[in-house]
$ cat model_25.csv   # CSV, N, CA and C atoms and all ligand atoms
chain,number,residue,atom,x,y,z
A,1,MET,N,-0.3,10.2,5.6
A,1,MET,CA,-0.6,8.8,5.1
A,1,MET,C,-0.7,8.8,3.6
A,2,LYS,N,-1.3,9.8,3.0
A,2,LYS,CA,-1.4,9.8,1.5
A,2,LYS,C,0.0,9.9,0.9
A,3,THR,N,0.9,10.6,1.6
A,3,THR,CA,2.3,10.7,1.1
A,3,THR,C,3.0,9.4,1.2
A,4,ARG,N,2.8,8.7,2.4
A,4,ARG,CA,3.4,7.4,2.6
A,4,ARG,C,3.0,6.5,1.5
A,5,ASP,N,1.7,6.5,1.1
A,5,ASP,CA,1.2,5.5,0.2
A,5,ASP,C,1.5,6.0,-1.3
A,6,GLY,N,2.2,7.1,-1.5
A,6,GLY,CA,2.5,7.5,-2.8
A,6,GLY,C,1.4,8.2,-3.5
A,7,GLY,N,0.4,8.6,-2.7
A,7,GLY,CA,-0.8,9.3,-3.3
A,7,GLY,C,-1.6,8.5,-4.3
A,8,ARG,N,-1.6,7.2,-4.1
A,8,ARG,CA,-2.4,6.4,-5.0
A,8,ARG,C,-3.0,5.3,-4.2
A,9,CYS,N,-4.0,4.6,-4.9
A,9,CYS,CA,-4.7,3.5,-4.3
A,9,CYS,C,-3.8,2.3,-4.2
A,10,LEU,N,-3.7,1.8,-3.0
A,10,LEU,CA,-2.8,0.6,-2.8
A,10,LEU,C,-3.4,-0.6,-3.4
A,11,ASN,N,-4.6,-0.6,-3.8
A,11,ASN,CA,-5.2,-1.8,-4.4
A,11,ASN,C,-5.0,-1.8,-5.9
A,12,CYS,N,-5.3,-0.7,-6.6
A,12,CYS,CA,-5.3,-0.7,-8.1
A,12,CYS,C,-4.3,0.3,-8.6
A,13,GLY,N,-3.7,1.1,-7.8
A,13,GLY,CA,-2.7,2.0,-8.3
A,13,GLY,C,-3.2,3.4,-8.9
A,14,GLN,N,-4.5,3.5,-8.9
A,14,GLN,CA,-5.1,4.8,-9.4
A,14,GLN,C,-4.7,6.0,-8.5
A,15,GLU,N,-4.6,7.1,-9.1
A,15,GLU,CA,-4.1,8.3,-8.4
A,15,GLU,C,-5.2,9.3,-8.1
A,16,ARG,N,-6.4,9.1,-8.7
A,16,ARG,CA,-7.5,10.0,-8.5
A,16,ARG,C,-8.5,9.5,-7.4
A,17,GLY,N,-9.1,10.5,-6.8
A,17,GLY,CA,-10.2,10.1,-5.8
A,17,GLY,C,-9.7,9.3,-4.6
A,18,ILE,N,-8.5,9.6,-4.2
A,18,ILE,CA,-7.9,8.8,-3.1
A,18,ILE,C,-8.6,9.2,-1.7
A,19,GLN,N,-9.0,8.1,-1.0
A,19,GLN,CA,-9.6,8.3,0.3
A,19,GLN,C,-8.9,7.5,1.3
A,20,ALA,N,-9.0,7.9,2.5
A,20,ALA,CA,-8.4,7.1,3.6
A,20,ALA,C,-9.4,6.1,4.2
A,21,HIS,N,-8.9,4.9,4.3
A,21,HIS,CA,-9.8,3.9,4.9
A,21,HIS,C,-9.1,3.4,6.2
A,22,HIS,N,-9.9,3.3,7.2
A,22,HIS,CA,-9.4,2.7,8.4
A,22,HIS,C,-9.6,1.2,8.3
A,23,VAL,N,-8.5,0.5,8.4
A,23,VAL,CA,-8.5,-1.0,8.3
A,23,VAL,C,-9.5,-1.6,9.3
A,24,MET,N,-9.3,-1.2,10.6
A,24,MET,CA,-10.2,-1.6,11.6
A,24,MET,C,-11.2,-0.4,11.9
A,25,ARG,N,-12.4,-0.8,11.9
A,25,ARG,CA,-13.4,0.3,12.0
A,25,ARG,C,-13.3,1.0,13.4
A,26,ARG,N,-13.5,2.3,13.3
A,26,ARG,CA,-13.5,3.1,14.5
A,26,ARG,C,-14.5,2.7,15.6
A,27,THR,N,-15.6,2.2,15.1
A,27,THR,CA,-16.7,1.8,16.0
A,27,THR,C,-16.2,0.6,16.8
A,28,LEU,N,-15.4,-0.3,16.1
A,28,LEU,CA,-15.0,-1.5,16.7
A,28,LEU,C,-13.8,-1.3,17.6
A,29,VAL,N,-12.9,-0.5,17.1
A,29,VAL,CA,-11.6,-0.2,17.8
A,29,VAL,C,-11.4,1.3,17.9
A,30,PRO,N,-12.0,1.9,18.8
A,30,PRO,CA,-12.0,3.4,18.9
A,30,PRO,C,-10.6,4.0,18.8
A,31,PHE,N,-9.7,3.4,19.5
A,31,PHE,CA,-8.3,4.0,19.6
A,31,PHE,C,-7.6,3.8,18.3
A,32,ALA,N,-8.1,2.9,17.4
A,32,ALA,CA,-7.4,2.6,16.2
A,32,ALA,C,-7.4,3.7,15.2
A,33,ALA,N,-8.3,4.7,15.3
A,33,ALA,CA,-8.5,5.8,14.4
A,33,ALA,C,-7.2,6.7,14.4
A,34,LEU,N,-6.5,6.6,15.5
A,34,LEU,CA,-5.3,7.5,15.7
A,34,LEU,C,-4.0,6.9,15.1
A,35,GLU,N,-4.1,5.6,14.7
A,35,GLU,CA,-2.9,4.9,14.4
A,35,GLU,C,-2.6,5.0,12.9
A,36,LEU,N,-1.4,5.5,12.6
A,36,LEU,CA,-1.0,5.6,11.2
A,36,LEU,C,-1.1,4.3,10.5
A,37,GLY,N,-0.7,3.2,11.1
A,37,GLY,CA,-0.6,1.9,10.5
A,37,GLY,C,-2.0,1.3,10.3
A,38,ASN,N,-3.0,2.0,10.8
A,38,ASN,CA,-4.3,1.5,10.6
A,38,ASN,C,-5.0,2.1,9.4
A,39,GLY,N,-4.3,3.0,8.7
A,39,GLY,CA,-4.9,3.7,7.6
A,39,GLY,C,-4.4,3.2,6.3
A,40,ILE,N,-5.2,3.2,5.3
A,40,ILE,CA,-4.7,2.7,3.9
A,40,ILE,C,-5.4,3.6,2.9
A,41,SER,N,-4.6,4.0,1.9
A,41,SER,CA,-5.1,4.8,0.8
A,41,SER,C,-5.8,4.0,-0.3
A,42,LEU,N,-7.1,4.3,-0.5
A,42,LEU,CA,-7.8,3.6,-1.6
A,42,LEU,C,-8.5,4.6,-2.4
A,43,CYS,N,-8.7,4.3,-3.7
A,43,CYS,CA,-9.5,5.1,-4.6
A,43,CYS,C,-11.0,4.9,-4.3
A,44,ARG,N,-11.8,5.8,-4.8
A,44,ARG,CA,-13.2,5.7,-4.4
A,44,ARG,C,-13.8,4.4,-4.7
A,45,GLN,N,-13.5,3.8,-5.9
A,45,GLN,CA,-14.1,2.5,-6.2
A,45,GLN,C,-13.7,1.4,-5.3
A,46,CYS,N,-12.4,1.3,-5.0
A,46,CYS,CA,-11.9,0.2,-4.2
A,46,CYS,C,-12.4,0.4,-2.8
A,47,HIS,N,-12.4,1.7,-2.4
A,47,HIS,CA,-12.9,2.0,-1.0
A,47,HIS,C,-14.4,1.5,-0.9
A,48,ARG,N,-15.2,1.8,-1.9
A,48,ARG,CA,-16.6,1.4,-1.8
A,48,ARG,C,-16.7,-0.2,-1.8
A,49,LEU,N,-15.8,-0.8,-2.6
A,49,LEU,CA,-15.8,-2.2,-2.6
A,49,LEU,C,-15.5,-2.8,-1.3
A,50,VAL,N,-14.5,-2.3,-0.6
A,50,VAL,CA,-14.2,-2.8,0.7
A,50,VAL,C,-15.4,-2.7,1.7
A,51,HIS,N,-16.1,-1.6,1.6
A,51,HIS,CA,-17.2,-1.4,2.5
A,51,HIS,C,-18.4,-2.2,2.1
A,52,ALA,N,-18.6,-2.4,0.8
A,52,ALA,CA,-19.7,-3.2,0.3
A,52,ALA,C,-19.6,-4.6,0.7
A,53,GLU,N,-18.4,-5.1,0.5
A,53,GLU,CA,-18.1,-6.5,0.9
A,53,GLU,C,-18.3,-6.7,2.4
A,54,PHE,N,-17.7,-5.7,3.1
A,54,PHE,CA,-17.7,-5.8,4.6
A,54,PHE,C,-19.1,-5.7,5.1
A,55,ASN,N,-19.9,-4.7,4.7
A,55,ASN,CA,-21.2,-4.6,5.2
A,55,ASN,C,-22.1,-5.7,4.7
A,56,GLY,N,-21.9,-6.2,3.5
A,56,GLY,CA,-22.7,-7.3,3.0
A,56,GLY,C,-22.6,-8.6,3.9
A,57,ARG,N,-21.4,-8.7,4.5
A,57,ARG,CA,-21.2,-9.9,5.3
A,57,ARG,C,-21.7,-9.8,6.7
A,58,LEU,N,-22.0,-8.6,7.1
A,58,LEU,CA,-22.5,-8.4,8.5
A,58,LEU,C,-23.9,-8.9,8.6
A,59,ASP,N,-24.0,-10.1,9.2
A,59,ASP,CA,-25.3,-10.6,9.4
A,59,ASP,C,-25.6,-10.8,10.9
A,60,PRO,N,-26.5,-10.0,11.4
A,60,PRO,CA,-26.8,-10.0,12.9
A,60,PRO,C,-27.2,-11.3,13.4
A,61,ALA,N,-27.7,-12.2,12.5
A,61,ALA,CA,-28.2,-13.5,12.9
A,61,ALA,C,-27.0,-14.4,13.2
A,62,LEU,N,-25.8,-14.1,12.7
A,62,LEU,CA,-24.7,-14.9,12.9
A,62,LEU,C,-24.1,-14.7,14.3
A,63,PRO,N,-23.5,-15.7,14.9
A,63,PRO,CA,-22.9,-15.5,16.2
A,63,PRO,C,-21.7,-14.6,16.0
A,64,MET,N,-21.3,-13.9,17.0
A,64,MET,CA,-20.3,-12.9,17.0
A,64,MET,C,-19.0,-13.5,16.4
A,65,GLY,N,-18.7,-14.7,16.7
A,65,GLY,CA,-17.4,-15.3,16.3
A,65,GLY,C,-17.4,-15.4,14.7
A,66,ALA,N,-18.5,-15.7,14.1
A,66,ALA,CA,-18.5,-15.9,12.6
A,66,ALA,C,-18.1,-14.6,11.9
A,67,ALA,N,-18.7,-13.5,12.4
A,67,ALA,CA,-18.5,-12.2,11.8
A,67,ALA,C,-17.0,-11.8,12.1
A,68,GLN,N,-16.6,-12.1,13.2
A,68,GLN,CA,-15.2,-11.8,13.7
A,68,GLN,C,-14.2,-12.4,12.7
A,69,GLY,N,-14.4,-13.6,12.3
A,69,GLY,CA,-13.5,-14.3,11.5
A,69,GLY,C,-13.3,-13.6,10.1
A,70,ASP,N,-14.4,-13.1,9.6
A,70,ASP,CA,-14.4,-12.3,8.4
A,70,ASP,C,-13.6,-11.1,8.5
A,71,ASP,N,-13.8,-10.4,9.6
A,71,ASP,CA,-13.1,-9.2,9.9
A,71,ASP,C,-11.6,-9.4,9.8
A,72,GLN,N,-11.2,-10.5,10.4
A,72,GLN,CA,-9.7,-10.7,10.4
A,72,GLN,C,-9.2,-11.1,9.1
A,73,ASP,N,-10.0,-11.7,8.3
A,73,ASP,CA,-9.5,-12.0,6.9
A,73,ASP,C,-9.3,-10.7,6.2
A,74,GLU,N,-10.3,-9.8,6.3
A,74,GLU,CA,-10.1,-8.5,5.6
A,74,GLU,C,-8.9,-7.7,6.1
A,75,TRP,N,-8.8,-7.7,7.4
A,75,TRP,CA,-7.7,-7.0,8.0
A,75,TRP,C,-6.3,-7.5,7.5
A,76,SER,N,-6.2,-8.8,7.4
A,76,SER,CA,-4.9,-9.3,7.0
A,76,SER,C,-4.7,-9.0,5.5
A,77,THR,N,-5.7,-9.0,4.7
A,77,THR,CA,-5.6,-8.6,3.3
A,77,THR,C,-5.1,-7.2,3.2
A,78,LEU,N,-5.8,-6.3,3.9
A,78,LEU,CA,-5.4,-4.9,3.8
A,78,LEU,C,-4.0,-4.6,4.4
A,79,PHE,N,-3.7,-5.2,5.5
A,79,PHE,CA,-2.4,-5.0,6.1
A,79,PHE,C,-1.3,-5.6,5.2
A,80,GLY,N,-1.7,-6.7,4.6
A,80,GLY,CA,-0.7,-7.3,3.6
A,80,GLY,C,-0.4,-6.4,2.5
A,81,MET,N,-1.5,-5.7,2.0
A,81,MET,CA,-1.3,-4.7,0.9
A,81,MET,C,-0.3,-3.6,1.3
A,82,LEU,N,-0.5,-3.1,2.5
A,82,LEU,CA,0.4,-2.1,3.1
A,82,LEU,C,1.8,-2.5,3.2
A,83,MET,N,2.0,-3.7,3.7
A,83,MET,CA,3.4,-4.2,3.9
A,83,MET,C,4.1,-4.5,2.5
A,84,ASP,N,3.3,-5.0,1.6
A,84,ASP,CA,3.9,-5.3,0.2
A,84,ASP,C,4.4,-4.0,-0.4
A,85,ASP,N,3.5,-3.0,-0.3
A,85,ASP,CA,3.8,-1.7,-0.9
A,85,ASP,C,5.1,-1.1,-0.2
A,86,ALA,N,5.1,-1.2,1.1
A,86,ALA,CA,6.3,-0.6,1.8
A,86,ALA,C,7.6,-1.3,1.4
A,87,THR,N,7.5,-2.6,1.3
A,87,THR,CA,8.7,-3.4,0.9
A,87,THR,C,9.1,-3.0,-0.5
A,88,LYS,N,8.2,-2.9,-1.4
A,88,LYS,CA,8.5,-2.6,-2.8
A,88,LYS,C,9.2,-1.2,-2.9
A,89,ARG,N,8.8,-0.3,-2.1
A,89,ARG,CA,9.4,1.0,-2.2
A,89,ARG,C,10.4,1.3,-1.1
A,90,GLY,N,10.8,0.3,-0.4
A,90,GLY,CA,11.9,0.4,0.5
A,90,GLY,C,11.6,1.3,1.7
A,91,LEU,N,10.4,1.4,2.1
A,91,LEU,CA,10.0,2.2,3.2
A,91,LEU,C,10.3,1.5,4.6
A,92,GLU,N,10.5,2.4,5.5
A,92,GLU,CA,10.7,1.8,6.9
A,92,GLU,C,9.3,1.4,7.5
A,93,HIS,N,9.2,0.1,7.8
A,93,HIS,CA,7.9,-0.3,8.3
A,93,HIS,C,7.5,0.3,9.6
A,94,ASP,N,8.5,0.3,10.5
A,94,ASP,CA,8.2,0.5,11.9
A,94,ASP,C,7.5,1.8,12.2
A,95,GLU,N,8.0,2.9,11.6
A,95,GLU,CA,7.5,4.2,11.9
A,95,GLU,C,6.2,4.5,11.2
A,96,LEU,N,6.2,4.3,9.9
A,96,LEU,CA,5.1,4.7,9.0
A,96,LEU,C,3.9,3.8,9.2
A,97,TYR,N,4.2,2.6,9.6
A,97,TYR,CA,3.1,1.6,9.7
A,97,TYR,C,2.8,1.2,11.2
A,98,PHE,N,3.1,2.2,12.0
A,98,PHE,CA,3.0,1.9,13.4
A,98,PHE,C,1.6,1.4,13.9
A,99,LEU,N,1.7,0.3,14.6
A,99,LEU,CA,0.5,-0.1,15.3
A,99,LEU,C,0.9,-0.4,16.7
A,100,SER,N,0.1,0.1,17.6
A,100,SER,CA,0.4,-0.1,19.0
A,100,SER,C,0.2,-1.5,19.4
A,101,ASP,N,0.9,-1.9,20.5
A,101,ASP,CA,0.8,-3.2,21.0
A,101,ASP,C,-0.6,-3.5,21.3
A,102,GLU,N,-1.3,-2.5,21.8
A,102,GLU,CA,-2.7,-2.6,22.2
A,102,GLU,C,-3.5,-3.1,21.0
A,103,LEU,N,-3.3,-2.5,19.9
A,103,LEU,CA,-4.1,-2.8,18.7
A,103,LEU,C,-3.7,-4.2,18.1
A,104,LEU,N,-2.4,-4.5,18.2
A,104,LEU,CA,-2.0,-5.8,17.7
A,104,LEU,C,-2.5,-6.9,18.6
A,105,ARG,N,-2.6,-6.7,19.8
A,105,ARG,CA,-3.2,-7.7,20.7
A,105,ARG,C,-4.6,-7.9,20.4
A,106,PHE,N,-5.3,-6.8,20.0
A,106,PHE,CA,-6.7,-6.9,19.7
A,106,PHE,C,-6.9,-7.7,18.4
A,107,SER,N,-6.0,-7.4,17.4
A,107,SER,CA,-6.2,-8.1,16.1
A,107,SER,C,-5.9,-9.5,16.1
A,108,VAL,N,-5.1,-10.0,17.1
A,108,VAL,CA,-4.8,-11.4,17.1
A,108,VAL,C,-5.6,-12.2,18.1
A,109,ALA,N,-6.4,-11.4,18.9
A,109,ALA,CA,-7.1,-12.0,20.0
A,109,ALA,C,-8.2,-13.0,19.5
B,1,ZN,ZN,-8.4,1.5,-6.4
B,2,ZN,ZN,-13.4,3.1,4.7
$ encode --input "model_25.csv" --output "structure tokens"
Amino acid sequence: MKTRDGGRCLNCGQERGIQAHHVMRRTLVPFAALELGNGISLCRQCHRLVHAEFNGRLDPALPMGAAQGDDQDEWSTLFGMLMDDATKRGLEHDELYFLSDELLRFSVA
């Protein structure tokens, strides 16, 4: 996955401190951890940002649906970053960004 993403942060382009982030949390979608298309390379700062934002929005007092909507916004942002990068570098979407039908069904549900 690091190779696919050019060994740099897909958000800011930095090449140091790259970490793998799962777009959909493993706790939420256990099978998603195995999917290449669910991983995105982020530097330490951007990675922390994603998690800070994400965790900050999680309010147990909110109904499930409200939190869910936020999740989907974040997912489409991150998936959009992946697709843009793939297009820019002329990579084949289907293999490197594979998402199972099962996962896609989940994300649009
Ligand atoms: Zn970054
Ligand atoms: Zn992460």
$ residues_near_ligand --input "model_25.csv" --ligand "ligand ZN 2 (chain B)" --cutoff "8 Å" --atoms "all atoms listed in the file" --output "list in words"
Gln19, Ala20, His21, His22, Val23, Arg25, His47, Arg48, Val50 and His51 of chain A
$ residues_near_ligand --input "model_25.csv" --ligand "ligand ZN 1 (chain B)" --cutoff "6 Å" --atoms "all atoms listed in the file" --output "ChimeraX atom specification"
/A:9-14,42-47
$ closest_residue --input "model_25.csv" --among "A:Leu91, A:Met1, A:Ile18, A:Ala86" --to "Asn38 of chain A" --atoms "only C-alpha atoms"
A:Met1
$ atom_distance --input "model_25.csv" --atom1 "atom N of Glu15 of chain A" --atom2 "atom N of Gln72 of chain A"
27.1 Å
$ atom_distance --input "model_25.csv" --atom1 "atom CA of Gly7 of chain A" --atom2 "atom CA of Asp101 of chain A"
27.4 Å
$ atom_distance --input "model_25.csv" --atom1 "atom N of Leu36 of chain A" --atom2 "atom C of Gly90 of chain A"
17.5 Å
$ closest_residue --input "model_25.csv" --among "A:Pro30, A:Glu35, A:Ile40, A:Lys2" --to "Leu82 of chain A" --atoms "all atoms listed in the file"
A:Ile40
